[in-house]
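Visitor: Below is the file final.cif, which contains mmCIF, C-alpha atoms.
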data_query
#
loop_
_atom_site.group_PDB
_atom_site.id
_atom_site.type_symbol
_atom_site.label_atom_id
_atom_site.label_comp_id
_atom_site.auth_asym_id
_atom_site.auth_seq_id
_atom_site.Cartn_x
_atom_site.Cartn_y
_atom_site.Cartn_z
ATOM 1 C CA MET A 25 60.221 87.384 106.998
ATOM 2 C CA THR A 26 59.973 86.368 103.381
ATOM 3 C CA ALA A 27 62.342 84.192 101.413
ATOM 4 C CA TYR A 28 63.956 85.986 98.458
ATOM 5 C CA THR A 29 66.559 85.343 95.839
ATOM 6 C CA ALA A 30 68.593 88.422 95.074
ATOM 7 C CA THR A 31 70.341 88.195 91.730
ATOM 8 C CA VAL A 32 73.446 90.367 91.541
ATOM 9 C CA THR A 33 74.867 90.864 88.051
ATOM 10 C CA VAL A 34 78.392 92.266 87.938
ATOM 11 C CA ARG A 35 79.847 93.432 84.640
ATOM 12 C CA LEU A 36 82.776 95.506 83.500
ATOM 13 C CA LYS A 37 82.068 99.169 83.039
ATOM 14 C CA ARG A 38 81.682 100.269 79.447
ATOM 15 C CA GLY A 39 85.082 101.032 78.037
ATOM 16 C CA VAL A 40 87.034 98.690 80.305
ATOM 17 C CA LEU A 41 88.932 96.189 78.190
ATOM 18 C CA ASP A 42 87.622 92.617 78.534
ATOM 19 C CA PRO A 43 90.317 90.279 77.174
ATOM 20 C CA GLU A 44 88.400 87.174 78.240
ATOM 21 C CA ALA A 45 85.311 88.250 76.307
ATOM 22 C CA GLU A 46 87.462 89.091 73.276
ATOM 23 C CA THR A 47 89.104 85.687 73.427
ATOM 24 C CA THR A 48 85.714 84.020 73.747
ATOM 25 C CA GLN A 49 84.416 85.976 70.778
ATOM 26 C CA GLN A 50 87.421 84.908 68.724
ATOM 27 C CA ALA A 51 86.798 81.280 69.646
ATOM 28 C CA LEU A 52 83.157 81.568 68.604
ATOM 29 C CA GLU A 53 84.238 83.099 65.298
ATOM 30 C CA ARG A 54 86.696 80.255 64.772
ATOM 31 C CA LEU A 55 83.751 77.916 65.190
ATOM 32 C CA GLY A 56 82.039 79.723 62.335
ATOM 33 C CA PHE A 57 79.626 81.946 64.260
ATOM 34 C CA GLU A 58 79.056 85.502 63.107
ATOM 35 C CA LEU A 59 78.726 88.046 65.870
ATOM 36 C CA GLU A 60 79.228 91.774 66.331
ATOM 37 C CA ASP A 61 80.371 91.837 69.930
ATOM 38 C CA LEU A 62 80.314 89.815 73.107
ATOM 39 C CA ARG A 63 80.258 90.891 76.726
ATOM 40 C CA SER A 64 80.563 88.677 79.760
ATOM 41 C CA ALA A 65 79.171 89.176 83.254
ATOM 42 C CA ASP A 66 79.167 87.396 86.595
ATOM 43 C CA ARG A 67 75.830 86.532 88.132
ATOM 44 C CA PHE A 68 75.423 85.751 91.824
ATOM 45 C CA GLU A 69 72.166 84.321 93.146
ATOM 46 C CA VAL A 70 71.856 85.047 96.840
ATOM 47 C CA ASP A 71 69.124 83.334 98.836
ATOM 48 C CA LEU A 72 68.152 85.353 101.888
ATOM 49 C CA ASP A 73 65.244 86.082 104.197
ATOM 50 C CA ALA A 74 64.164 89.690 104.583
ATOM 51 C CA ALA A 75 61.209 91.725 105.859
ATOM 52 C CA ASP A 76 60.446 92.922 102.350
ATOM 53 C CA ALA A 77 61.913 93.134 98.870
ATOM 54 C CA ASP A 78 63.490 96.530 99.547
ATOM 55 C CA GLU A 79 65.425 95.177 102.505
ATOM 56 C CA ALA A 80 66.568 92.165 100.478
ATOM 57 C CA ALA A 81 67.721 94.481 97.700
ATOM 58 C CA ASP A 82 69.537 96.756 100.132
ATOM 59 C CA ARG A 83 71.446 93.863 101.602
ATOM 60 C CA ALA A 84 72.389 92.479 98.209
ATOM 61 C CA ASP A 85 73.426 95.972 97.192
ATOM 62 C CA GLU A 86 75.795 96.168 100.138
ATOM 63 C CA MET A 87 77.221 92.747 99.262
ATOM 64 C CA ALA A 88 77.987 94.035 95.794
ATOM 65 C CA GLU A 89 79.511 97.245 97.130
ATOM 66 C CA ARG A 90 81.741 95.508 99.641
ATOM 67 C CA LEU A 91 82.812 92.362 97.826
ATOM 68 C CA LEU A 92 81.057 91.105 94.706
ATOM 69 C CA ALA A 93 81.973 94.104 92.540
ATOM 70 C CA ASN A 94 85.086 96.237 92.360
ATOM 71 C CA PRO A 95 83.834 99.789 91.846
ATOM 72 C CA THR A 96 86.963 100.734 89.905
ATOM 73 C CA ILE A 97 86.091 98.444 87.031
ATOM 74 C CA HIS A 98 82.572 97.131 87.593
ATOM 75 C CA ASP A 99 78.953 98.175 87.403
ATOM 76 C CA TYR A 100 76.358 95.967 88.992
ATOM 77 C CA GLU A 101 72.605 95.562 89.248
ATOM 78 C CA VAL A 102 70.402 93.805 91.745
ATOM 79 C CA ALA A 103 67.085 92.093 91.063
ATOM 80 C CA VAL A 104 65.000 90.550 93.838
ATOM 81 C CA ALA A 105 62.352 87.847 93.521
ATOM 82 C CA GLU A 106 60.399 85.844 96.062
ATOM 83 C CA ARG A 107 61.705 82.368 96.360
ATOM 84 C CA MET B 8 113.305 96.061 112.017
ATOM 85 C CA THR B 9 111.182 92.943 111.932
ATOM 86 C CA VAL B 10 109.244 92.532 108.743
ATOM 87 C CA SER B 11 106.116 90.390 108.703
ATOM 88 C CA VAL B 12 105.540 88.589 105.419
ATOM 89 C CA ILE B 13 101.877 87.707 105.451
ATOM 90 C CA GLN B 14 101.025 84.239 104.270
ATOM 91 C CA PHE B 15 97.557 83.443 102.990
ATOM 92 C CA GLY B 16 96.438 80.098 101.682
ATOM 93 C CA GLY B 17 97.807 80.193 98.150
ATOM 94 C CA SER B 18 100.610 82.680 98.774
ATOM 95 C CA ASN B 19 103.737 81.322 97.128
ATOM 96 C CA CYS B 20 106.310 84.110 97.184
ATOM 97 C CA ASP B 21 106.441 84.388 100.974
ATOM 98 C CA ARG B 22 109.615 82.322 101.332
ATOM 99 C CA ASP B 23 111.248 84.158 98.446
ATOM 100 C CA ALA B 24 110.495 87.465 100.154
ATOM 101 C CA VAL B 25 111.966 86.272 103.456
ATOM 102 C CA ARG B 26 115.103 85.015 101.718
ATOM 103 C CA ALA B 27 115.536 88.219 99.753
ATOM 104 C CA LEU B 28 115.115 90.312 102.896
ATOM 105 C CA ASP B 29 117.505 88.045 104.777
ATOM 106 C CA HIS B 30 120.024 88.549 101.995
ATOM 107 C CA ILE B 31 120.017 92.297 102.483
ATOM 108 C CA GLY B 32 120.230 91.909 106.257
ATOM 109 C CA VAL B 33 116.604 92.522 107.168
ATOM 110 C CA ASP B 34 115.009 90.381 109.852
ATOM 111 C CA ALA B 35 111.814 88.928 108.371
ATOM 112 C CA GLU B 36 109.403 86.175 109.232
ATOM 113 C CA ARG B 37 106.408 84.604 107.654
ATOM 114 C CA VAL B 38 103.131 85.267 109.469
ATOM 115 C CA TRP B 39 100.063 83.107 108.885
ATOM 116 C CA HIS B 40 97.174 85.457 108.310
ATOM 117 C CA GLU B 41 94.947 83.868 110.942
ATOM 118 C CA ASP B 42 97.570 84.474 113.619
ATOM 119 C CA GLY B 43 97.386 88.248 113.205
ATOM 120 C CA LEU B 44 100.264 90.695 113.049
ATOM 121 C CA PRO B 45 102.998 90.165 115.653
ATOM 122 C CA ALA B 46 103.314 93.072 118.074
ATOM 123 C CA ASP B 47 106.914 93.751 116.989
ATOM 124 C CA THR B 48 105.992 94.180 113.314
ATOM 125 C CA GLU B 49 107.871 97.150 111.916
ATOM 126 C CA GLY B 50 107.321 96.428 108.254
ATOM 127 C CA ILE B 51 104.859 94.395 106.181
ATOM 128 C CA VAL B 52 105.177 92.502 102.916
ATOM 129 C CA ILE B 53 102.068 91.155 101.229
ATOM 130 C CA PRO B 54 103.686 88.584 98.962
ATOM 131 C CA GLY B 55 102.772 87.181 95.590
ATOM 132 C CA GLY B 56 100.900 84.011 94.837
ATOM 133 C CA PHE B 57 97.324 83.002 94.262
ATOM 134 C CA SER B 58 95.613 83.657 97.566
ATOM 135 C CA TYR B 59 92.271 81.893 97.776
ATOM 136 C CA GLY B 60 92.812 80.565 94.282
ATOM 137 C CA ASP B 61 92.098 84.021 92.818
ATOM 138 C CA TYR B 62 88.427 83.298 93.513
ATOM 139 C CA LEU B 63 86.059 86.103 92.519
ATOM 140 C CA ARG B 64 88.967 88.395 91.561
ATOM 141 C CA ALA B 65 92.664 88.128 92.282
ATOM 142 C CA GLY B 66 93.174 89.423 95.813
ATOM 143 C CA ALA B 67 89.486 89.942 96.555
ATOM 144 C CA MET B 68 89.201 87.351 99.313
ATOM 145 C CA ALA B 69 92.470 88.056 101.087
ATOM 146 C CA ALA B 70 91.687 91.784 100.997
ATOM 147 C CA ARG B 71 88.609 91.132 103.175
ATOM 148 C CA SER B 72 90.405 88.909 105.682
ATOM 149 C CA PRO B 73 90.700 90.213 109.260
ATOM 150 C CA ILE B 74 94.482 90.650 109.159
ATOM 151 C CA MET B 75 94.061 93.303 106.468
ATOM 152 C CA ASP B 76 92.274 95.506 109.027
ATOM 153 C CA GLU B 77 95.449 95.241 111.092
ATOM 154 C CA VAL B 78 97.558 96.007 108.030
ATOM 155 C CA ARG B 79 95.488 99.110 107.291
ATOM 156 C CA ASP B 80 95.835 100.266 110.908
ATOM 157 C CA ALA B 81 99.587 99.655 110.810
ATOM 158 C CA ALA B 82 99.839 101.524 107.515
ATOM 159 C CA ASP B 83 97.949 104.448 109.055
ATOM 160 C CA ASP B 84 100.531 104.425 111.868
ATOM 161 C CA GLY B 85 103.310 104.775 109.310
ATOM 162 C CA VAL B 86 104.483 101.153 109.198
ATOM 163 C CA PRO B 87 105.953 100.535 105.726
ATOM 164 C CA VAL B 88 103.746 98.194 103.700
ATOM 165 C CA ILE B 89 104.489 96.796 100.256
ATOM 166 C CA GLY B 90 102.295 94.511 98.171
ATOM 167 C CA VAL B 91 103.944 92.530 95.397
ATOM 168 C CA CYS B 92 102.017 90.898 92.561
ATOM 169 C CA ASN B 93 99.125 89.124 94.285
ATOM 170 C CA GLY B 94 100.022 91.367 97.211
ATOM 171 C CA ALA B 95 99.473 94.349 94.920
ATOM 172 C CA GLN B 96 96.097 92.959 93.927
ATOM 173 C CA ILE B 97 95.258 92.477 97.601
ATOM 174 C CA GLY B 98 96.468 95.982 98.382
ATOM 175 C CA SER B 99 94.315 97.606 95.735
ATOM 176 C CA GLU B 100 91.302 95.419 96.561
ATOM 177 C CA SER B 101 91.633 96.447 100.207
ATOM 178 C CA GLY B 102 91.808 100.137 99.387
ATOM 179 C CA LEU B 103 95.424 100.629 100.482
ATOM 180 C CA THR B 104 96.204 101.971 97.022
ATOM 181 C CA PRO B 105 94.059 103.355 94.180
ATOM 182 C CA GLY B 106 92.990 101.548 91.020
ATOM 183 C CA ALA B 107 92.649 97.853 90.273
ATOM 184 C CA PHE B 108 94.746 95.120 88.706
ATOM 185 C CA THR B 109 92.812 92.985 86.263
ATOM 186 C CA THR B 110 93.197 90.594 83.350
ATOM 187 C CA ASN B 111 96.218 91.237 81.118
ATOM 188 C CA ALA B 112 95.334 92.662 77.719
ATOM 189 C CA SER B 113 96.899 89.521 76.252
ATOM 190 C CA ALA B 114 94.491 87.358 78.298
ATOM 191 C CA ARG B 115 97.570 85.272 79.090
ATOM 192 C CA PHE B 116 99.698 84.610 82.130
ATOM 193 C CA GLN B 117 102.984 86.401 81.478
ATOM 194 C CA CYS B 118 106.259 85.492 83.140
ATOM 195 C CA GLU B 119 109.100 87.611 81.789
ATOM 196 C CA PRO B 120 111.682 90.240 82.701
ATOM 197 C CA VAL B 121 110.516 93.823 82.265
ATOM 198 C CA HIS B 122 112.085 97.231 82.609
ATOM 199 C CA LEU B 123 110.724 99.778 85.010
ATOM 200 C CA ARG B 124 111.356 103.488 85.135
ATOM 201 C CA VAL B 125 111.705 104.854 88.646
ATOM 202 C CA GLU B 126 109.286 107.768 88.708
ATOM 203 C CA ARG B 127 109.966 108.888 92.256
ATOM 204 C CA ALA B 128 113.268 108.530 94.065
ATOM 205 C CA ASP B 129 112.195 110.308 97.241
ATOM 206 C CA THR B 130 110.200 107.444 98.743
ATOM 207 C CA PRO B 131 111.403 104.705 101.104
ATOM 208 C CA TRP B 132 110.989 102.203 98.268
ATOM 209 C CA THR B 133 113.147 104.035 95.799
ATOM 210 C CA ALA B 134 115.772 105.796 97.903
ATOM 211 C CA ALA B 135 118.368 103.457 96.381
ATOM 212 C CA TYR B 136 117.683 104.836 92.905
ATOM 213 C CA ASP B 137 117.650 108.111 91.073
ATOM 214 C CA GLU B 138 114.521 109.393 89.393
ATOM 215 C CA GLY B 139 114.495 108.124 85.818
ATOM 216 C CA ASP B 140 116.632 105.083 86.604
ATOM 217 C CA VAL B 141 115.726 101.973 84.628
ATOM 218 C CA ILE B 142 115.654 98.709 86.569
ATOM 219 C CA GLU B 143 115.013 95.171 85.410
ATOM 220 C CA VAL B 144 112.630 93.098 87.486
ATOM 221 C CA PRO B 145 110.499 90.120 86.433
ATOM 222 C CA ILE B 146 106.736 89.956 86.215
ATOM 223 C CA ALA B 147 104.671 86.792 86.624
ATOM 224 C CA HIS B 148 100.970 87.471 86.457
ATOM 225 C CA GLY B 149 97.767 86.960 84.536
ATOM 226 C CA GLU B 150 95.953 89.886 86.129
ATOM 227 C CA GLY B 151 98.334 92.802 86.220
ATOM 228 C CA ARG B 152 96.701 95.339 83.953
ATOM 229 C CA PHE B 153 96.335 98.510 85.968
ATOM 230 C CA GLU B 154 92.889 100.030 85.547
ATOM 231 C CA ILE B 155 91.687 103.250 87.076
ATOM 232 C CA SER B 156 88.988 105.796 86.290
ATOM 233 C CA GLU B 157 90.076 108.837 84.314
ATOM 234 C CA ALA B 158 89.410 111.132 87.243
ATOM 235 C CA ALA B 159 91.295 108.941 89.711
ATOM 236 C CA HIS B 160 94.163 108.612 87.250
ATOM 237 C CA ALA B 161 94.372 112.379 86.925
ATOM 238 C CA ASP B 162 94.559 112.632 90.712
ATOM 239 C CA LEU B 163 97.190 109.898 90.835
ATOM 240 C CA VAL B 164 99.397 111.751 88.385
ATOM 241 C CA ALA B 165 98.725 115.158 89.953
ATOM 242 C CA ASP B 166 99.656 113.759 93.360
ATOM 243 C CA ASP B 167 102.788 112.143 91.877
ATOM 244 C CA ARG B 168 101.870 108.730 93.238
ATOM 245 C CA VAL B 169 103.022 106.649 90.277
ATOM 246 C CA LEU B 170 106.123 104.875 91.589
ATOM 247 C CA PHE B 171 107.131 102.775 88.553
ATOM 248 C CA ARG B 172 106.160 102.683 84.892
ATOM 249 C CA TYR B 173 106.895 99.923 82.395
ATOM 250 C CA CYS B 174 109.486 101.149 79.915
ATOM 251 C CA ASP B 175 112.016 99.904 77.407
ATOM 252 C CA ALA B 176 115.681 99.336 78.246
ATOM 253 C CA ASP B 177 116.402 102.993 77.575
ATOM 254 C CA GLY B 178 113.660 104.255 79.849
ATOM 255 C CA ASN B 179 111.146 105.168 77.164
ATOM 256 C CA VAL B 180 107.584 104.603 78.331
ATOM 257 C CA THR B 181 105.987 103.113 75.236
ATOM 258 C CA ASP B 182 103.070 100.880 74.336
ATOM 259 C CA ALA B 183 105.546 98.248 73.153
ATOM 260 C CA ALA B 184 107.165 98.187 76.593
ATOM 261 C CA ASN B 185 103.806 97.817 78.340
ATOM 262 C CA PRO B 186 103.500 94.074 78.988
ATOM 263 C CA ASN B 187 99.898 93.897 80.081
ATOM 264 C CA GLY B 188 97.989 96.925 78.818
ATOM 265 C CA SER B 189 98.247 98.871 82.065
ATOM 266 C CA THR B 190 96.794 102.375 81.994
ATOM 267 C CA ASP B 191 99.631 104.872 81.518
ATOM 268 C CA ASN B 192 102.149 101.957 81.779
ATOM 269 C CA VAL B 193 101.676 102.007 85.548
ATOM 270 C CA ALA B 194 103.517 99.138 87.248
ATOM 271 C CA GLY B 195 103.461 100.367 90.816
ATOM 272 C CA VAL B 196 101.738 103.076 92.841
ATOM 273 C CA LEU B 197 101.901 104.682 96.238
ATOM 274 C CA GLY B 198 99.105 104.738 98.777
ATOM 275 C CA GLU B 199 98.029 107.871 100.586
ATOM 276 C CA ARG B 200 101.283 107.634 102.493
ATOM 277 C CA GLU B 201 104.588 107.152 100.749
ATOM 278 C CA SER B 202 105.259 104.306 103.157
ATOM 279 C CA VAL B 203 102.586 102.234 101.381
ATOM 280 C CA ALA B 204 103.235 100.907 97.896
ATOM 281 C CA VAL B 205 102.150 98.122 95.570
ATOM 282 C CA LEU B 206 103.721 96.841 92.374
ATOM 283 C CA MET B 207 103.124 93.913 90.049
ATOM 284 C CA PRO B 208 106.790 93.076 89.308
ATOM 285 C CA HIS B 209 108.706 90.951 91.800
ATOM 286 C CA PRO B 210 111.644 92.709 93.489
ATOM 287 C CA GLU B 211 112.297 89.614 95.630
ATOM 288 C CA ARG B 212 113.018 87.674 92.434
ATOM 289 C CA ALA B 213 115.642 90.229 91.445
ATOM 290 C CA THR B 214 117.585 90.437 94.687
ATOM 291 C CA LEU B 215 119.609 87.235 95.164
ATOM 292 C CA PRO B 216 122.654 87.312 92.866
ATOM 293 C CA ASP B 217 122.474 83.611 92.041
ATOM 294 C CA LEU B 218 118.842 83.805 91.042
ATOM 295 C CA GLY B 219 118.340 85.126 87.567
ATOM 296 C CA ARG B 220 119.694 88.036 85.649
ATOM 297 C CA SER B 221 119.200 91.067 87.820
ATOM 298 C CA THR B 222 119.582 92.243 91.400
ATOM 299 C CA ASP B 223 117.925 95.552 90.625
ATOM 300 C CA GLY B 224 114.981 94.779 92.909
ATOM 301 C CA ALA B 225 117.055 94.788 96.074
ATOM 302 C CA GLY B 226 116.826 98.562 96.269
ATOM 303 C CA ILE B 227 113.066 98.373 96.733
ATOM 304 C CA LEU B 228 113.340 95.967 99.657
ATOM 305 C CA GLU B 229 116.046 98.143 101.211
ATOM 306 C CA ALA B 230 113.194 100.322 102.409
ATOM 307 C CA PHE B 231 113.080 97.857 105.289
ATOM 308 C CA ALA B 232 116.816 97.980 106.017
#
Show me, as structure tokens, the structure contained in the file I just sent.

Guide:
Amino acid sequence: MTAYTATVTVRLKRGVLDPEAETTQQALERLGFELEDLRSADRFEVDLDAADADEAADRADEMAERLLANPTIHDYEVAVAER
Amino acid sequence: MTVSVIQFGGSNCDRDAVRALDHIGVDAERVWHEDGLPADTEGIVIPGGFSYGDYLRAGAMAARSPIMDEVRDAADDGVPVIGVCNGAQIGSESGLTPGAFTTNASARFQCEPVHLRVERADTPWTAAYDEGDVIEVPIAHGEGRFEISEAAHADLVADDRVLFRYCDADGNVTDAANPNGSTDNVAGVLGERESVAVLMPHPERATLPDLGRSTDGAGILEAFA
């Protein structure tokens, strides 16, 4: 078994309204920053032991499918690194 | 009929639901989620509140709790199930109903009376109304914007599973009458069975005559009568 960190990034699908990101962008603009757009995402760092990187990624993928992301509104990606 | 009102940590409309059901003569009791569904459960309310502090997403944690497996089984057996507000979020997160409820377009918590158009009158939840009736029921949520993929929305409409839409006092479904940016002004939907429904507005807060300005919500709870 090898120790991995699987990083799961969950973000809203393109086209799904993100009022929190819009509000954050407005606050940045009030502070004087110039920006075109802003998107937010949730990042989960999952430490786990697995036989190989593929297995670690598969397990993190299932975590995203079953809980971390809501497929109606979210896309997600998984990246695995040895820890 | 004994209705189980499921209480999670952070539920806060469970007592209101029991009182409203009691008012219309329905036997109801609060059930702590860890205790499981009582064997004599003939109806289920998933009440509003902030289960698990809305961690991750509103309803996400409660939707994965063991009692929801029992709720799904009961729903499959035809037991009437309604999710209100946080209960609607839990219901959609658990797959009882399609779509998702997420952050209001305003990015604010909104607590206000709204009008709903009854889109179906031939369900247990709406037998007290006529199709097209306008009822006034309050909302109180920060994450009530109904989101659904275009394809799933087309199916929802084709299958006639929209139960309520936000409308103005005259029943017009307009953007101005949409409090939270919900797709197609959807306020409540049916599950695969008509005996399963979720809605963001609070019928239990519009049932007791001494509590607020409307008793229009009582008709929804009469599904359990």

Visitor: Would you list which chain A residues are within 12 Å of chain B using all atoms listed in the file, as a list of chain:residue names?

Guide: A:Val34, A:Leu36, A:Lys37, A:Arg38, A:Gly39, A:Val40, A:Leu41, A:Asp42, A:Pro43, A:Glu44, A:Ala45, A:Glu46, A:Thr47, A:Thr48, A:Ala65, A:Asp66, A:Arg67, A:Phe68, A:Ala88, A:Glu89, A:Arg90, A:Leu91, A:Leu92, A:Ala93, A:Asn94, A:Pro95, A:Thr96, A:Ile97, A:His98

Visitor: Generate the output file for the selected residues, C-alpha atoms, as a short mmCIF file (atom, residue, chain, number, x, y, z; two decimals), in the frame of the given file.

Guide:
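Result file result_35.cif:
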data_model
loop_
_atom_site.label_atom_id
_atom_site.label_comp_id
_atom_site.auth_asym_id
_atom_site.auth_seq_id
_atom_site.Cartn_x
_atom_site.Cartn_y
_atom_site.Cartn_z
CA VAL A 34 78.39 92.27 87.94
CA LEU A 36 82.78 95.51 83.50
CA LYS A 37 82.07 99.17 83.04
CA ARG A 38 81.68 100.27 79.45
CA GLY A 39 85.08 101.03 78.04
CA VAL A 40 87.03 98.69 80.31
CA LEU A 41 88.93 96.19 78.19
CA ASP A 42 87.62 92.62 78.53
CA PRO A 43 90.32 90.28 77.17
CA GLU A 44 88.40 87.17 78.24
CA ALA A 45 85.31 88.25 76.31
CA GLU A 46 87.46 89.09 73.28
CA THR A 47 89.10 85.69 73.43
CA THR A 48 85.71 84.02 73.75
CA ALA A 65 79.17 89.18 83.25
CA ASP A 66 79.17 87.40 86.60
CA ARG A 67 75.83 86.53 88.13
CA PHE A 68 75.42 85.75 91.82
CA ALA A 88 77.99 94.04 95.79
CA GLU A 89 79.51 97.24 97.13
CA ARG A 90 81.74 95.51 99.64
CA LEU A 91 82.81 92.36 97.83
CA LEU A 92 81.06 91.10 94.71
CA ALA A 93 81.97 94.10 92.54
CA ASN A 94 85.09 96.24 92.36
CA PRO A 95 83.83 99.79 91.85
CA THR A 96 86.96 100.73 89.90
CA ILE A 97 86.09 98.44 87.03
CA HIS A 98 82.57 97.13 87.59
#

Visitor: On this structure, the PyMOL selection byres ((chain B and resi 135) around 8) would catch which residues? List them as a ChimeraX atom specification, sorted by chain and number.

Guide: /B:128,132-134,136-137,226-227,229

Visitor: Using the chain letters and residue numbers of this document, give as number ranges by chain the residues selected by the PyMOL selection byres ((chain A and resi 104) around 12).

Guide: A: 26-33, 68-74, 76-85, 101-103, 105-107

Visitor: Grab the CA of Cys20 in chain B to CA of Val78 in chain B distance for me, in Å with one decimal place.

Guide: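 Computing it gives 18.3 Å between the two atoms.
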
Visitor: How many Å separate CA of Ala183 in chain B from CA of Phe153 in chain B?

Guide: 15.8 Å

Visitor: Is there a way to complete range 22-38 of chain B with N, CA and C atoms and then write that out as an mmCIF file, in the coordinates of the input?

Guide:
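Here's the written file result.cif:
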data_model
loop_
_atom_site.group_PDB
_atom_site.id
_atom_site.type_symbol
_atom_site.label_atom_id
_atom_site.label_comp_id
_atom_site.auth_asym_id
_atom_site.auth_seq_id
_atom_site.Cartn_x
_atom_site.Cartn_y
_atom_site.Cartn_z
ATOM 1 N N ARG B 22 108.253 82.757 101.009
ATOM 2 C CA ARG B 22 109.615 82.322 101.332
ATOM 3 C C ARG B 22 110.642 83.125 100.538
ATOM 4 N N ASP B 23 110.336 83.362 99.274
ATOM 5 C CA ASP B 23 111.248 84.158 98.446
ATOM 6 C C ASP B 23 111.469 85.528 99.075
ATOM 7 N N ALA B 24 110.382 86.127 99.563
ATOM 8 C CA ALA B 24 110.495 87.465 100.154
ATOM 9 C C ALA B 24 111.368 87.419 101.396
ATOM 10 N N VAL B 25 111.169 86.389 102.236
ATOM 11 C CA VAL B 25 111.966 86.272 103.456
ATOM 12 C C VAL B 25 113.444 86.088 103.101
ATOM 13 N N ARG B 26 113.704 85.247 102.118
ATOM 14 C CA ARG B 26 115.103 85.015 101.718
ATOM 15 C C ARG B 26 115.746 86.276 101.161
ATOM 16 N N ALA B 27 114.988 86.988 100.343
ATOM 17 C CA ALA B 27 115.536 88.219 99.753
ATOM 18 C C ALA B 27 115.817 89.242 100.845
ATOM 19 N N LEU B 28 114.903 89.355 101.803
ATOM 20 C CA LEU B 28 115.115 90.312 102.896
ATOM 21 C C LEU B 28 116.296 89.875 103.759
ATOM 22 N N ASP B 29 116.379 88.582 104.007
ATOM 23 C CA ASP B 29 117.505 88.045 104.777
ATOM 24 C C ASP B 29 118.823 88.389 104.081
ATOM 25 N N HIS B 30 118.809 88.282 102.767
ATOM 26 C CA HIS B 30 120.024 88.549 101.995
ATOM 27 C C HIS B 30 120.519 89.981 102.171
ATOM 28 N N ILE B 31 119.587 90.907 102.317
ATOM 29 C CA ILE B 31 120.017 92.297 102.483
ATOM 30 C C ILE B 31 120.073 92.690 103.969
ATOM 31 N N GLY B 32 120.011 91.663 104.835
ATOM 32 C CA GLY B 32 120.230 91.909 106.257
ATOM 33 C C GLY B 32 119.016 92.388 107.024
ATOM 34 N N VAL B 33 117.830 92.111 106.486
ATOM 35 C CA VAL B 33 116.604 92.522 107.168
ATOM 36 C C VAL B 33 115.965 91.303 107.834
ATOM 37 N N ASP B 34 115.649 91.451 109.107
ATOM 38 C CA ASP B 34 115.009 90.381 109.852
ATOM 39 C C ASP B 34 113.545 90.272 109.385
ATOM 40 N N ALA B 35 113.177 89.102 108.882
ATOM 41 C CA ALA B 35 111.814 88.928 108.371
ATOM 42 C C ALA B 35 111.292 87.555 108.747
ATOM 43 N N GLU B 36 109.997 87.475 108.942
ATOM 44 C CA GLU B 36 109.403 86.175 109.232
ATOM 45 C C GLU B 36 108.047 86.075 108.562
ATOM 46 N N ARG B 37 107.717 84.836 108.225
ATOM 47 C CA ARG B 37 106.408 84.604 107.654
ATOM 48 C C ARG B 37 105.363 84.607 108.764
ATOM 49 N N VAL B 38 104.217 85.185 108.489
ATOM 50 C CA VAL B 38 103.131 85.267 109.469
ATOM 51 C C VAL B 38 101.867 84.708 108.821
#
